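Read the structure below first, then the notes.
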Amino acid sequence: MELELVARAPRSVALRLAVPGALYHLPRPLGWRLTGTGLDRQGVTDRAVTAFHDLPPDSRIRLEVQGFAPLTVATLPCTGATTLADAADAQAALDALPLGGTLIVPAGRWQVAPLLIPSGRHLYLAEGAELAAPGSRDAWPLLTADQGGSWEGLPDSCHRAILTAIDAEGITISGPGRIDGGGSRGDWWSWPKERRNGARRARLIHLIGCEDVTVLGPTVANSPSWTIHPWHCRNLTFAAVSVENPPDSPNTDGLNPESCDGVLIEGVHFSTGDDCIAIKAGKRSDDGDGAHLAPTRDIRIRHCRMERGHGGVVIGSEMSGDVTDVDVSQCEMIDTDRGLRIKTRRGRGGTVARIAMRDCSLDGVDTVLAVNAHYHCDHDGHSPVVQSRDPRPLGPLTPRIDTITMERIEARGVRLAFAACLGLPEAPVTGLSLTEITASFAPGPPAPPLMADGILPVSGAFLLAEHCQISTASDLPRGTLTAKDFAPC
């Protein structure tokens, strides 16, 4: 077997150990050895994507892992490094770095005002380092809609994140340290859908119009709202990151790429108060305006672990700019409400297409696949325009869902349904394929498997479908329900 490089920074690299059967964890721990100039380290890893830190910049590193051919990789160059000595000087230290320079955050807790990362700079969080946001909103500058501020798919002012980059290229945020977004300090979680100081809540890492950005290794925790939010970005890598938010924290999604092209998410551990990964492409305003929209495409999600969140991988409901070519493979989902979830509604427009989930394991999930074209979001979500099962005229505001593939999926302890698919009568879901599915059930109290009006509570069902074209490689298991059992409308 061959080791594969996933990501690199001046002082960190992440490798993929593509052992057959590996998900987030390896089937069994493997020993490793790392050598280079002045380096000789050994250890054991139990993760398919393993990060190595505290490496010399611009150096060749030889990595040996039990059962694999050795691999030599090079860390990125660094044109100069500054070690943070005073939290009050953090922004000045970043601004003073030469192009290609690194700000090193050493061990200790460093409370900083929200930082803006310039192009071509690197941030490294050493072992034991914690970069912490202030609790009071008085220290948080605002980000206007003209600067790339947004909220749930529309341009809007918001508070700036503890780490923000705008129109930047060639940034890395790496290291084994921690970034604390300050969500539990102050009042962030008490106004989830409101504005304060004329602005929406802050993210933790906010990337706006950026290109070639790598986040490798750190733990990001305690976010005021969405944890990592790339908006209109290209060529992003998130590797061996941990996302930790309390289960009762509101709308603290883990990673939300919105209108992005080319995103790799590998070896990331999510434990959040909302969706683990939520892929978005903006939404139209009430008057149908979509000048701010752009597509999201080429999203690859591998060897991740999703725990507790509302959904493992979610698409929408903000998908008006189109979401296409999403590939989810070799992931573990534990006690999430849903596994793969696609949600939209009339008025969104846009297309969700070519979405695949393969070779994944799910345990204790309510509904493994949830596809819902009557999602009751926004102020008019329960209106007849959104919820009626009668056909309506097709037009530019009609959303479409096509080519959804579920292949080699093992689901244990499914509570509500393996798959629930509710399309529009005027635009049915097409190309849904279920192949090599293994499912066992642990039925509990019946509940609706989708957030739409008129859905019957179920428990322990395999497939529920209305206005949805489905193909399977074999007969459906017992427990399959028909449309009349699904939506009593």
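Ligands are numbered from 1 in the order shown, residues from 1 within each chain, and chains are lettered A, B, ... in the order they appear in the structure tokens.
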(message) At a cut-off of 7 Å, using only C-alpha atoms, what residues contact Val73 (chain A)? Leave out same-chain residues fewer than 2 positions from it and give the result as a PyMOL selection string.
(response) chain A and resi 60-62+71+75
(request) Going by DSSP on the backbone, which bits of region 40-119 of chain A are helix (DSSP H, G or I)? Write them as a ChimeraX atom specification, please. (result) /A:87-96
Only C-alpha atoms, please: the residues just picked out, written as a CSV table (one decimal), in the first residue's frame.
chain,number,residue,atom,x,y,z
A,87,ALA,CA,-1.9,38.9,22.7
A,88,ALA,CA,-2.7,42.6,22.2
A,89,ASP,CA,-0.1,42.7,19.4
A,90,ALA,CA,-1.4,39.7,17.5
A,91,GLN,CA,-2.8,41.7,14.5
A,92,ALA,CA,0.2,43.8,14.3
A,93,ALA,CA,2.4,40.7,14.3
A,94,LEU,CA,0.4,39.2,11.4
A,95,ASP,CA,0.6,42.4,9.4
A,96,ALA,CA,4.3,42.7,9.9
(request) Rounded to one decimal place, report the CA of Ala353 (chain A)-CA of Val326 (chain A) distance in Å. (result) 8.3 Å
(message) Between CA of Leu30 (chain A) and CA of Leu17 (chain A), what distance in Å does the model show, to one decimal?
(response) 9.5 Å
At a cut-off of 9 Å, using only C-alpha atoms, what residues contact region 421-436 of chain A? Leave out same-chain residues fewer than 6 positions from it and give the result as a PDB file with C-alpha atoms, in the first residue's frame.
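The new file part.pdb reads:
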ATOM      1  CA  ARG A 345     -38.432  24.214  -1.276  1.00  0.00           C
ATOM      2  CA  ARG A 346     -40.331  26.105  -3.948  1.00  0.00           C
ATOM      3  CA  LEU A 369     -31.104   9.431   3.703  1.00  0.00           C
ATOM      4  CA  ALA A 370     -33.542  12.354   3.886  1.00  0.00           C
ATOM      5  CA  VAL A 371     -34.533  14.179   0.682  1.00  0.00           C
ATOM      6  CA  ASN A 372     -37.123  16.914   1.171  1.00  0.00           C
ATOM      7  CA  ALA A 373     -38.383  19.385  -1.445  1.00  0.00           C
ATOM      8  CA  HIS A 374     -41.059  20.777   0.909  1.00  0.00           C
ATOM      9  CA  ARG A 389     -48.712  18.538  -2.950  1.00  0.00           C
ATOM     10  CA  ASP A 390     -50.607  19.789  -6.012  1.00  0.00           C
ATOM     11  CA  PRO A 391     -48.435  20.511  -9.065  1.00  0.00           C
ATOM     12  CA  ARG A 392     -47.492  24.117  -9.644  1.00  0.00           C
ATOM     13  CA  PRO A 393     -46.119  25.729 -12.828  1.00  0.00           C
ATOM     14  CA  LEU A 394     -42.452  25.086 -13.543  1.00  0.00           C
ATOM     15  CA  THR A 398     -38.490  25.534  -9.135  1.00  0.00           C
ATOM     16  CA  PRO A 399     -35.683  23.552  -7.443  1.00  0.00           C
ATOM     17  CA  ARG A 400     -34.509  20.281  -8.987  1.00  0.00           C
ATOM     18  CA  ILE A 401     -32.849  17.236  -7.448  1.00  0.00           C
ATOM     19  CA  ASP A 402     -31.168  14.603  -9.616  1.00  0.00           C
ATOM     20  CA  THR A 403     -28.700  11.692  -9.420  1.00  0.00           C
ATOM     21  CA  ILE A 404     -28.361  10.754  -5.772  1.00  0.00           C
ATOM     22  CA  THR A 405     -26.297   7.592  -5.198  1.00  0.00           C
ATOM     23  CA  MET A 406     -26.130   5.529  -2.003  1.00  0.00           C
ATOM     24  CA  GLU A 407     -23.749   2.606  -2.358  1.00  0.00           C
ATOM     25  CA  ARG A 408     -22.219   0.123   0.091  1.00  0.00           C
ATOM     26  CA  ILE A 409     -23.836   1.669   3.157  1.00  0.00           C
ATOM     27  CA  GLU A 410     -24.003  -0.125   6.509  1.00  0.00           C
ATOM     28  CA  LEU A 450     -38.786  14.887   7.289  1.00  0.00           C
ATOM     29  CA  ALA A 452     -42.472  19.102   5.996  1.00  0.00           C
ATOM     30  CA  LEU A 463     -38.069   3.382   2.331  1.00  0.00           C
ATOM     31  CA  LEU A 464     -40.705   6.103   2.094  1.00  0.00           C
ATOM     32  CA  ALA A 465     -41.082   7.912  -1.221  1.00  0.00           C
ATOM     33  CA  GLU A 466     -43.413  10.291  -3.006  1.00  0.00           C
ATOM     34  CA  HIS A 467     -42.645  12.029  -6.311  1.00  0.00           C
ATOM     35  CA  CYS A 468     -39.290  10.281  -6.396  1.00  0.00           C
ATOM     36  CA  GLN A 469     -37.816   7.956  -9.034  1.00  0.00           C
ATOM     37  CA  ILE A 470     -35.797   5.201  -7.341  1.00  0.00           C
ATOM     38  CA  SER A 471     -33.709   2.342  -8.651  1.00  0.00           C
ATOM     39  CA  THR A 472     -32.307  -0.480  -6.569  1.00  0.00           C
ATOM     40  CA  ALA A 473     -30.038  -3.413  -7.322  1.00  0.00           C
ATOM     41  CA  SER A 474     -32.363  -5.847  -5.560  1.00  0.00           C
ATOM     42  CA  PHE A 486     -45.922   8.484   3.753  1.00  0.00           C
ATOM     43  CA  ALA A 487     -47.779  11.755   3.239  1.00  0.00           C
TER      44      ALA A 487
END
(request) Output as a PyMOL selection string all residues of region 234-328 of chain A that backbone DSSP marks as strand (DSSP E). (result) chain A and resi 234-239+242-244+261-266+269-271+277-279+296-302+305-307+311-316+323-328
With C-alpha atoms retained, could you export that selection as a tab-separated table (two decimals), in the first residue's frame?
chain	number	residue	atom	x	y	z
A	234	ARG	CA	-11.71	28.09	-4.39
A	235	ASN	CA	-9.33	25.23	-3.64
A	236	LEU	CA	-9.71	24.66	0.08
A	237	THR	CA	-8.40	21.80	2.24
A	238	PHE	CA	-9.52	20.89	5.76
A	239	ALA	CA	-7.54	17.97	7.18
A	242	SER	CA	-11.60	18.63	15.29
A	243	VAL	CA	-14.80	20.67	15.58
A	244	GLU	CA	-16.31	20.75	19.09
A	261	ASP	CA	-15.39	25.37	-5.94
A	262	GLY	CA	-13.00	22.57	-5.00
A	263	VAL	CA	-13.17	21.67	-1.29
A	264	LEU	CA	-11.44	18.68	0.31
A	265	ILE	CA	-12.56	17.64	3.80
A	266	GLU	CA	-10.54	14.70	5.17
A	269	HIS	CA	-14.02	14.95	13.60
A	270	PHE	CA	-17.31	16.79	14.15
A	271	SER	CA	-19.33	17.05	17.35
A	277	ILE	CA	-21.19	19.58	7.28
A	278	ALA	CA	-23.76	21.82	5.57
A	279	ILE	CA	-23.10	22.52	1.89
A	296	THR	CA	-20.90	25.05	-5.18
A	297	ARG	CA	-19.18	22.10	-6.85
A	298	ASP	CA	-16.47	19.48	-6.45
A	299	ILE	CA	-16.74	18.75	-2.72
A	300	ARG	CA	-14.89	15.65	-1.51
A	301	ILE	CA	-15.50	14.36	2.02
A	302	ARG	CA	-13.46	11.35	3.17
A	305	ARG	CA	-16.41	11.17	11.88
A	306	MET	CA	-19.71	12.95	12.52
A	307	GLU	CA	-21.25	12.73	15.99
A	311	GLY	CA	-27.10	15.86	9.96
A	312	GLY	CA	-23.85	14.22	8.94
A	313	VAL	CA	-23.67	15.79	5.47
A	314	VAL	CA	-26.44	18.24	4.60
A	315	ILE	CA	-27.11	20.04	1.31
A	316	GLY	CA	-29.29	23.15	1.43
A	323	VAL	CA	-24.81	22.29	-5.62
A	324	THR	CA	-23.24	19.60	-7.80
A	325	ASP	CA	-20.60	16.87	-7.65
A	326	VAL	CA	-20.40	16.06	-3.96
A	327	ASP	CA	-18.69	12.79	-3.01
A	328	VAL	CA	-18.88	11.40	0.54
(request) Might you pull out every residue within 7 Å of Ala22 (chain A), with only C-alpha atoms counted and same-chain residues fewer than 5 positions away left off, and present them as a PyMOL selection string? (result) chain A and resi 27+48+330
Output for the residues just chosen: N, CA and C atoms as a PDB file, in the first residue's frame:
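Final output, saved to selection-v7.pdb:
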ATOM      1  N   PRO A  27      -8.804   0.023  10.996  1.00  0.00           N
ATOM      2  CA  PRO A  27      -9.252  -1.236  11.598  1.00  0.00           C
ATOM      3  C   PRO A  27      -8.414  -1.642  12.807  1.00  0.00           C
ATOM      4  N   ALA A  48      -7.174   7.107   9.993  1.00  0.00           N
ATOM      5  CA  ALA A  48      -6.861   6.961   8.573  1.00  0.00           C
ATOM      6  C   ALA A  48      -6.172   8.201   8.014  1.00  0.00           C
ATOM      7  N   GLN A 330     -16.267   6.721   3.000  1.00  0.00           N
ATOM      8  CA  GLN A 330     -15.466   6.185   4.105  1.00  0.00           C
ATOM      9  C   GLN A 330     -15.580   7.042   5.361  1.00  0.00           C
TER      10      GLN A 330
END
(request) Kindly indicate which residue among A:Thr144, A:Thr172, A:Phe462, A:Leu115 lies nearest to Cys78 (chain A), using only C-alpha atoms for the distances. (result) A:Thr172
(message) So that I can check the surroundings of Gln111 (chain A), please list as a list in words every protein, DNA and RNA residue that reaches within 8 Å of it, counting only C-alpha atoms and ignoring chain neighbours fewer than 4 positions away.
(response)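 The filter keeps Ala87, Leu131, Ala132, Ala133 and Pro134 of chain A.
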Contacts of Leu207 (chain A) within 9 Å, only C-alpha atoms, excl. fewer than 5 positions in-chain, as a PDB file with C-alpha atoms, in the first residue's frame:
ATOM      1  CA  LEU A 163     -10.144  34.419  12.302  1.00  0.00           C
ATOM      2  CA  THR A 164     -11.256  36.115   9.077  1.00  0.00           C
ATOM      3  CA  ALA A 165      -9.620  36.233   5.639  1.00  0.00           C
ATOM      4  CA  ILE A 166     -10.993  38.353   2.783  1.00  0.00           C
ATOM      5  CA  ASP A 167      -9.846  37.937  -0.841  1.00  0.00           C
ATOM      6  CA  ALA A 168      -6.723  36.194   0.421  1.00  0.00           C
ATOM      7  CA  VAL A 213      -6.367  27.860   1.910  1.00  0.00           C
ATOM      8  CA  ILE A 228     -16.046  27.289   9.656  1.00  0.00           C
ATOM      9  CA  HIS A 229     -17.734  29.223   6.858  1.00  0.00           C
ATOM     10  CA  PRO A 230     -15.982  29.521   3.481  1.00  0.00           C
ATOM     11  CA  TRP A 231     -17.965  31.823   1.159  1.00  0.00           C
ATOM     12  CA  HIS A 232     -17.212  32.163  -2.586  1.00  0.00           C
ATOM     13  CA  CYS A 233     -13.829  30.433  -2.235  1.00  0.00           C
TER      14      CYS A 233
END
(request) Could you jot down the CA of Phe52 (chain A) to CA of Ala14 (chain A) separation for me, Å, one decimal place? (result) 6.2 Å
(request) Pick out the closest residue to Leu97 (chain A) from this set: A:Leu125, A:Leu76, A:Lys280, A:Gly120. Count only C-alpha atoms. (result) A:Gly120
(message) Need the shell around Trp151 (chain A): protein/DNA/RNA residues with any atom at most 7 Å away, counting only C-alpha atoms. Skip same-chain ones fewer than 4 positions apart. Format as a PyMOL selection string?
(response) chain A and resi 155-156+200
Mind writing the picked residues with N, CA and C atoms as an mmCIF file, in the first residue's frame?
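Output (result-v8.cif):
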data_model
loop_
_atom_site.group_PDB
_atom_site.id
_atom_site.type_symbol
_atom_site.label_atom_id
_atom_site.label_comp_id
_atom_site.auth_asym_id
_atom_site.auth_seq_id
_atom_site.Cartn_x
_atom_site.Cartn_y
_atom_site.Cartn_z
ATOM 1 N N PRO A 155 -26.836 38.253 1.545
ATOM 2 C CA PRO A 155 -25.906 39.277 2.044
ATOM 3 C C PRO A 155 -26.484 39.952 3.286
ATOM 4 N N ASP A 156 -25.655 40.132 4.290
ATOM 5 C CA ASP A 156 -26.114 40.732 5.541
ATOM 6 C C ASP A 156 -24.887 41.090 6.376
ATOM 7 N N ARG A 200 -25.518 40.146 12.480
ATOM 8 C CA ARG A 200 -25.730 38.744 12.858
ATOM 9 C C ARG A 200 -24.536 38.231 13.656
#
